[in-house]
Amino acid sequence: MKFLPLGGAGDIGASCYYVEAASTGIVLDCGMHPRKTGIDAMPRFDLLAERPVDAALVTHAHQDHLDALPFLVQAAPHVRIVTTPQTRALAELTLHNAAGILREQYADDPTITPYSHQEIDLLVQSMEWRAYTERFDIAGYRHQGREPVKASFHDAGHILGSSSVLLQHDGHTVFFTGDINLSSQQLLVGCTLPEGPVDTVVLECTHGATNSVTLPPWGVEAKRLAKEANAVFGRAGSVLIPVFALGKMQEMLATVFALMRKGSLPEVPVYTAGLGKKICMVYDKNRFVVPVANPDIELLELPQRNIFDVQRPEDYFRSPCIVLAASGMVVERTTSFGLTRRWLQQKGSAIFTVGYMDPNTPGYRLVSARRGMSICLTDTLPPQSVECDIIPFRFSAHSRREELLSIVDRLSPSRVVLVHGDEPAIHWMGRAILERHPAMKVHTAEVGKEIHLS
Ligand SMILES: [Zn+2]
């Protein structure tokens, strides 16, 4: 078995890996880098030129794991795509959304042919789906009667439908974590690890360099959110929460309403809109199908107003309200970007950030600013004084680094490949694993550098 990173090795973004066993080629995830453009945002498909590409397994529907899939299909139209039923349903929404954005972004870029809505429809129709733990065979057309690769998805607890992948061939077992969360969120429960021995773990390292003190349990952070929101409402202000449309929006919506039900928050109007709301429907439909903390929560039954029905931004400040708007990192030309600019002018109100902010995004500049300072959300915008409060929270959908270590402890592989983390994160994880398991082989993944697993 051979493992070749095509993207997302020493970085968070464009997650894409290739495994070859018995002349069968399997692509694991096929993401686009959210903050790069053109060909730089894509996985290195050129490295597949002389290799078989038979199947693509998609762990979840986040952009950095899914959005390059239509480009893989352009290059290898015969590829068999397999994912969970929930990821398939979410991919239909998110890929159509991405198609519109890509058309605008790449109108003048000769290196990329943006995909059409029709291509997405065909792609989604061709996607096979398998429930968690269901085993299936993958045999490429060149495997010539040899034993096929056995594969299965396992609940990764990250977003709806997210999975880790177990691959088995010729006595060797590889566990690819994908984005994985051991702890429960408001809606989703923590991941389920597979039974039995594993030889190689390919481990995501998102929080490898993050001190876990800064990542408190969900419930603790929810209590703090209620306290801070009550202070804002007490001075007649309103709260803006920038969220990712997939995952964070649904979890934060459920968190806000859970706090209201408990009486920890007053029942102020809650505003949502767009893709995030459509995604809520997929969460609702699957609440009895996959493990969730509370299947009685039906997101679209919770009373919400539509952001797009608000005529003038001033209307948000007539009386206290909560607005959940995408994007989570306050990227330019999104709803949360426009609302952030307006919120910054508003004394008494507050912006609550709830997740990680990439240093190259307006969200990062926002999270570093405080009332009384001045802020440039982008290099091209003039400075703006900060009149509202900016309060950072951390509601994480990824495992803390000690939890990642506990995955290695439990599966006890002979080899670990570290992926999906920046350099300090990978470095911390590598050192910590070797301190606990000196005999383990630990690899740092590098794009284009093949690792022989068996
Ligand atoms: Zn993810």
# chains A, B, ... in the order shown; residues from 1 in each chain; ligands from 1

call {"tool": "residues_near_ligand", "arguments": {"ligand": "ligand 1", "cutoff": "8 Å", "atoms": "only C-alpha atoms and all ligand atoms", "output": "VMD selection string"}}
result
chain A and resid 60 to 65 158 to 159 178 to 179 397

call {"tool": "select_by_dssp", "arguments": {"residues": "stretch 183-420 of chain A", "states": "strand (DSSP E or B)", "output": "number ranges by chain"}}
result
A: 188, 200-204, 239-242, 270-272, 292, 305-306, 322-325, 350-353, 374-375, 384-385, 389-392, 415-419

call {"tool": "write_last_selection", "arguments": {"atoms": "C-alpha atoms", "output": "mmCIF file, in the first residue's frame"}}
result
data_model
loop_
_atom_site.group_PDB
_atom_site.id
_atom_site.type_symbol
_atom_site.label_atom_id
_atom_site.label_comp_id
_atom_site.auth_asym_id
_atom_site.auth_seq_id
_atom_site.Cartn_x
_atom_site.Cartn_y
_atom_site.Cartn_z
ATOM 1 C CA LEU A 188 -23.522 16.001 17.082
ATOM 2 C CA THR A 200 -1.377 2.961 9.952
ATOM 3 C CA VAL A 201 -3.234 6.045 11.216
ATOM 4 C CA VAL A 202 -3.367 9.113 8.958
ATOM 5 C CA LEU A 203 -4.052 11.766 11.576
ATOM 6 C CA GLU A 204 -5.439 15.285 11.163
ATOM 7 C CA VAL A 239 -25.320 40.341 18.690
ATOM 8 C CA LEU A 240 -23.812 39.327 15.345
ATOM 9 C CA ILE A 241 -22.301 35.809 15.130
ATOM 10 C CA PRO A 242 -20.358 35.061 11.903
ATOM 11 C CA VAL A 270 -32.917 35.160 15.780
ATOM 12 C CA TYR A 271 -31.997 35.900 12.148
ATOM 13 C CA THR A 272 -30.603 33.334 9.676
ATOM 14 C CA VAL A 292 -27.101 13.081 17.490
ATOM 15 C CA ARG A 305 -36.451 35.550 10.824
ATOM 16 C CA ASN A 306 -34.814 35.907 7.415
ATOM 17 C CA ILE A 322 -29.114 37.681 17.403
ATOM 18 C CA VAL A 323 -27.932 37.362 13.785
ATOM 19 C CA LEU A 324 -26.192 34.182 12.546
ATOM 20 C CA ALA A 325 -24.582 35.015 9.198
ATOM 21 C CA ALA A 350 -21.313 43.091 19.947
ATOM 22 C CA ILE A 351 -19.788 40.678 17.475
ATOM 23 C CA PHE A 352 -19.180 37.168 18.850
ATOM 24 C CA THR A 353 -16.650 35.129 16.896
ATOM 25 C CA SER A 374 -9.445 51.278 14.579
ATOM 26 C CA ILE A 375 -9.534 48.405 12.105
ATOM 27 C CA GLN A 384 -12.919 52.062 10.622
ATOM 28 C CA SER A 385 -13.224 52.785 14.347
ATOM 29 C CA ASP A 389 -17.584 44.942 21.522
ATOM 30 C CA ILE A 390 -15.736 42.048 19.879
ATOM 31 C CA ILE A 391 -15.819 38.914 21.991
ATOM 32 C CA PRO A 392 -14.004 35.760 20.828
ATOM 33 C CA ARG A 415 2.880 3.963 11.820
ATOM 34 C CA VAL A 416 1.317 7.454 11.945
ATOM 35 C CA VAL A 417 1.188 9.941 9.077
ATOM 36 C CA LEU A 418 0.531 13.522 10.194
ATOM 37 C CA VAL A 419 -1.629 15.687 7.878
#

call {"tool": "atom_distance", "arguments": {"atom1": "atom CA of A:Gly328", "atom2": "atom CA of A:Ala273"}}
result
13.6 Å

call {"tool": "closest_residue", "arguments": {"among": "A:Leu453, A:Ala156, A:Arg410, A:Ala439", "to": "A:Ser183", "atoms": "only C-alpha atoms"}}
result
A:Ala156

call {"tool": "closest_residue", "arguments": {"among": "A:Thr378, A:Thr37, A:Ser368, A:Ser238", "to": "A:Tyr106", "atoms": "only C-alpha atoms"}}
result
A:Thr37

call {"tool": "residues_around", "arguments": {"residues": "A:Met329", "least_positions_apart": "5", "cutoff": "7 Å", "atoms": "only C-alpha atoms", "output": "number ranges by chain"}}
result
A: 357, 361-363

call {"tool": "write_last_selection", "arguments": {"atoms": "N, CA and C atoms", "output": "PDB file, in the first residue's frame"}}
result
ATOM      1  N   MET A 357      -9.886  31.556  13.081  1.00  0.00           N
ATOM      2  CA  MET A 357      -9.787  32.532  11.993  1.00  0.00           C
ATOM      3  C   MET A 357      -8.419  32.394  11.328  1.00  0.00           C
ATOM      4  N   THR A 361      -7.576  36.343   6.697  1.00  0.00           N
ATOM      5  CA  THR A 361      -8.987  36.695   6.498  1.00  0.00           C
ATOM      6  C   THR A 361      -9.368  37.936   7.305  1.00  0.00           C
ATOM      7  N   PRO A 362     -10.431  38.655   6.880  1.00  0.00           N
ATOM      8  CA  PRO A 362     -10.926  39.783   7.689  1.00  0.00           C
ATOM      9  C   PRO A 362     -11.314  39.331   9.094  1.00  0.00           C
ATOM     10  N   GLY A 363     -11.764  38.093   9.236  1.00  0.00           N
ATOM     11  CA  GLY A 363     -12.159  37.573  10.547  1.00  0.00           C
ATOM     12  C   GLY A 363     -11.000  37.604  11.535  1.00  0.00           C
TER      13      GLY A 363
END

call {"tool": "residues_around", "arguments": {"residues": "A:Ala258", "least_positions_apart": "5", "cutoff": "10 Å", "atoms": "only C-alpha atoms", "output": "list in words"}}
result
Gln186, Ala222, Met252, Leu253, Gly263, Ser264, Leu265 and Ile297 of chain A

call {"tool": "write_last_selection", "arguments": {"atoms": "C-alpha atoms", "output": "short mmCIF file (atom, residue, chain, number, x, y, z; two decimals), in the first residue's frame"}}
result
data_model
loop_
_atom_site.label_atom_id
_atom_site.label_comp_id
_atom_site.auth_asym_id
_atom_site.auth_seq_id
_atom_site.Cartn_x
_atom_site.Cartn_y
_atom_site.Cartn_z
CA GLN A 186 -24.66 20.79 20.78
CA ALA A 222 -22.22 28.20 25.87
CA MET A 252 -24.83 27.65 17.05
CA LEU A 253 -28.53 27.87 16.21
CA GLY A 263 -34.02 30.50 30.51
CA SER A 264 -30.33 31.45 30.30
CA LEU A 265 -31.07 33.77 27.34
CA ILE A 297 -34.30 19.45 18.08
#

call {"tool": "closest_residue", "arguments": {"among": "A:Met32, A:Val198, A:Leu123, A:Ala22", "to": "A:Leu411", "atoms": "only C-alpha atoms"}}
result
A:Val198

call {"tool": "residues_around", "arguments": {"residues": "A:Leu215", "least_positions_apart": "3", "cutoff": "9 Å", "atoms": "only C-alpha atoms", "output": "mmCIF file with C-alpha atoms, in the first residue's frame"}}
result
data_model
loop_
_atom_site.group_PDB
_atom_site.id
_atom_site.type_symbol
_atom_site.label_atom_id
_atom_site.label_comp_id
_atom_site.auth_asym_id
_atom_site.auth_seq_id
_atom_site.Cartn_x
_atom_site.Cartn_y
_atom_site.Cartn_z
ATOM 1 C CA THR A 210 -3.416 24.966 20.226
ATOM 2 C CA ASN A 211 -3.219 24.852 24.013
ATOM 3 C CA SER A 212 -6.388 23.018 25.025
ATOM 4 C CA TRP A 218 -18.983 23.206 24.479
ATOM 5 C CA GLU A 221 -18.410 28.100 26.294
ATOM 6 C CA PHE A 393 -15.361 32.293 21.706
ATOM 7 C CA ARG A 394 -14.042 28.870 20.680
ATOM 8 C CA PHE A 395 -16.723 26.330 19.773
ATOM 9 C CA SER A 396 -14.555 23.700 18.121
ATOM 10 C CA ARG A 400 -8.114 18.827 21.044
#

call {"tool": "closest_residue", "arguments": {"among": "A:Tyr316, A:Phe337, A:Leu404, A:Val268", "to": "A:Pro303", "atoms": "only C-alpha atoms"}}
result
A:Val268

call {"tool": "select_by_dssp", "arguments": {"residues": "stretch 166-254 of chain A", "states": "helix (DSSP H, G or I)", "output": "PyMOL selection string"}}
result
chain A and resi 212-214+218-234+248-254

call {"tool": "closest_residue", "arguments": {"among": "A:Asp199, A:Glu128, A:Asp11, A:Glu446", "to": "A:Ala56", "atoms": "only C-alpha atoms"}}
result
A:Glu128

call {"tool": "residues_around", "arguments": {"residues": "A:His154", "least_positions_apart": "2", "cutoff": "10 Å", "atoms": "only C-alpha atoms", "output": "ChimeraX atom specification"}}
result
/A:59,84,131-134,152,156-157,161-166,175-177,191-194

call {"tool": "write_last_selection", "arguments": {"atoms": "N, CA and C atoms", "output": "PDB file, in the first residue's frame"}}
result
ATOM      1  N   THR A  59     -14.808  12.353   2.773  1.00  0.00           N
ATOM      2  CA  THR A  59     -15.091  12.230   4.217  1.00  0.00           C
ATOM      3  C   THR A  59     -16.188  13.177   4.684  1.00  0.00           C
ATOM      4  N   THR A  84     -20.959   9.107   2.485  1.00  0.00           N
ATOM      5  CA  THR A  84     -22.124   8.753   3.307  1.00  0.00           C
ATOM      6  C   THR A  84     -23.375   9.402   2.698  1.00  0.00           C
ATOM      7  N   ALA A 131     -23.704   3.615   4.515  1.00  0.00           N
ATOM      8  CA  ALA A 131     -23.908   4.012   5.912  1.00  0.00           C
ATOM      9  C   ALA A 131     -22.630   3.770   6.713  1.00  0.00           C
ATOM     10  N   TYR A 132     -22.552   4.375   7.895  1.00  0.00           N
ATOM     11  CA  TYR A 132     -21.400   4.150   8.764  1.00  0.00           C
ATOM     12  C   TYR A 132     -21.224   2.655   9.032  1.00  0.00           C
ATOM     13  N   THR A 133     -20.004   2.216   9.014  1.00  0.00           N
ATOM     14  CA  THR A 133     -19.515   0.851   9.315  1.00  0.00           C
ATOM     15  C   THR A 133     -19.854  -0.198   8.232  1.00  0.00           C
ATOM     16  N   GLU A 134     -20.624   0.178   7.210  1.00  0.00           N
ATOM     17  CA  GLU A 134     -20.952  -0.783   6.147  1.00  0.00           C
ATOM     18  C   GLU A 134     -19.699  -1.019   5.298  1.00  0.00           C
ATOM     19  N   SER A 152     -14.612   1.155   4.655  1.00  0.00           N
ATOM     20  CA  SER A 152     -15.823   1.492   5.424  1.00  0.00           C
ATOM     21  C   SER A 152     -15.662   2.893   5.993  1.00  0.00           C
ATOM     22  N   ALA A 156     -17.237  10.491  12.254  1.00  0.00           N
ATOM     23  CA  ALA A 156     -16.104  11.306  12.727  1.00  0.00           C
ATOM     24  C   ALA A 156     -16.538  12.421  13.679  1.00  0.00           C
ATOM     25  N   GLY A 157     -17.850  12.601  13.874  1.00  0.00           N
ATOM     26  CA  GLY A 157     -18.337  13.563  14.878  1.00  0.00           C
ATOM     27  C   GLY A 157     -18.007  15.024  14.590  1.00  0.00           C
ATOM     28  N   GLY A 161     -22.793  13.764   8.747  1.00  0.00           N
ATOM     29  CA  GLY A 161     -22.310  12.879   7.680  1.00  0.00           C
ATOM     30  C   GLY A 161     -20.808  12.718   7.616  1.00  0.00           C
ATOM     31  N   SER A 162     -20.082  13.410   8.484  1.00  0.00           N
ATOM     32  CA  SER A 162     -18.606  13.349   8.394  1.00  0.00           C
ATOM     33  C   SER A 162     -18.112  11.963   8.784  1.00  0.00           C
ATOM     34  N   SER A 163     -17.037  11.547   8.129  1.00  0.00           N
ATOM     35  CA  SER A 163     -16.563  10.194   8.389  1.00  0.00           C
ATOM     36  C   SER A 163     -15.048  10.121   8.380  1.00  0.00           C
ATOM     37  N   SER A 164     -14.559   9.106   9.100  1.00  0.00           N
ATOM     38  CA  SER A 164     -13.191   8.644   8.930  1.00  0.00           C
ATOM     39  C   SER A 164     -13.288   7.448   8.000  1.00  0.00           C
ATOM     40  N   VAL A 165     -12.176   7.084   7.374  1.00  0.00           N
ATOM     41  CA  VAL A 165     -12.203   5.973   6.410  1.00  0.00           C
ATOM     42  C   VAL A 165     -11.244   4.882   6.860  1.00  0.00           C
ATOM     43  N   LEU A 166     -11.739   3.649   6.838  1.00  0.00           N
ATOM     44  CA  LEU A 166     -10.891   2.493   7.132  1.00  0.00           C
ATOM     45  C   LEU A 166     -10.663   1.739   5.829  1.00  0.00           C
ATOM     46  N   PHE A 175      -6.252   3.684   8.860  1.00  0.00           N
ATOM     47  CA  PHE A 175      -7.360   4.490   9.351  1.00  0.00           C
ATOM     48  C   PHE A 175      -7.054   5.956   9.049  1.00  0.00           C
ATOM     49  N   PHE A 176      -7.882   6.542   8.188  1.00  0.00           N
ATOM     50  CA  PHE A 176      -7.716   7.939   7.784  1.00  0.00           C
ATOM     51  C   PHE A 176      -8.749   8.746   8.569  1.00  0.00           C
ATOM     52  N   THR A 177      -8.288   9.593   9.496  1.00  0.00           N
ATOM     53  CA  THR A 177      -9.256  10.225  10.421  1.00  0.00           C
ATOM     54  C   THR A 177     -10.180  11.219   9.733  1.00  0.00           C
ATOM     55  N   CYS A 191     -16.971  11.244  17.866  1.00  0.00           N
ATOM     56  CA  CYS A 191     -16.725  10.204  16.852  1.00  0.00           C
ATOM     57  C   CYS A 191     -16.800   8.782  17.421  1.00  0.00           C
ATOM     58  N   THR A 192     -16.926   7.819  16.529  1.00  0.00           N
ATOM     59  CA  THR A 192     -16.862   6.397  16.897  1.00  0.00           C
ATOM     60  C   THR A 192     -15.654   5.791  16.190  1.00  0.00           C
ATOM     61  N   LEU A 193     -14.703   5.325  16.960  1.00  0.00           N
ATOM     62  CA  LEU A 193     -13.507   4.729  16.356  1.00  0.00           C
ATOM     63  C   LEU A 193     -13.779   3.271  15.987  1.00  0.00           C
ATOM     64  N   PRO A 194     -13.086   2.754  14.970  1.00  0.00           N
ATOM     65  CA  PRO A 194     -13.335   1.360  14.574  1.00  0.00           C
ATOM     66  C   PRO A 194     -12.767   0.378  15.594  1.00  0.00           C
TER      67      PRO A 194
END

call {"tool": "closest_residue", "arguments": {"among": "A:Glu403, A:Asp121, A:Glu435, A:Glu92", "to": "A:Leu66", "atoms": "only C-alpha atoms"}}
result
A:Glu92
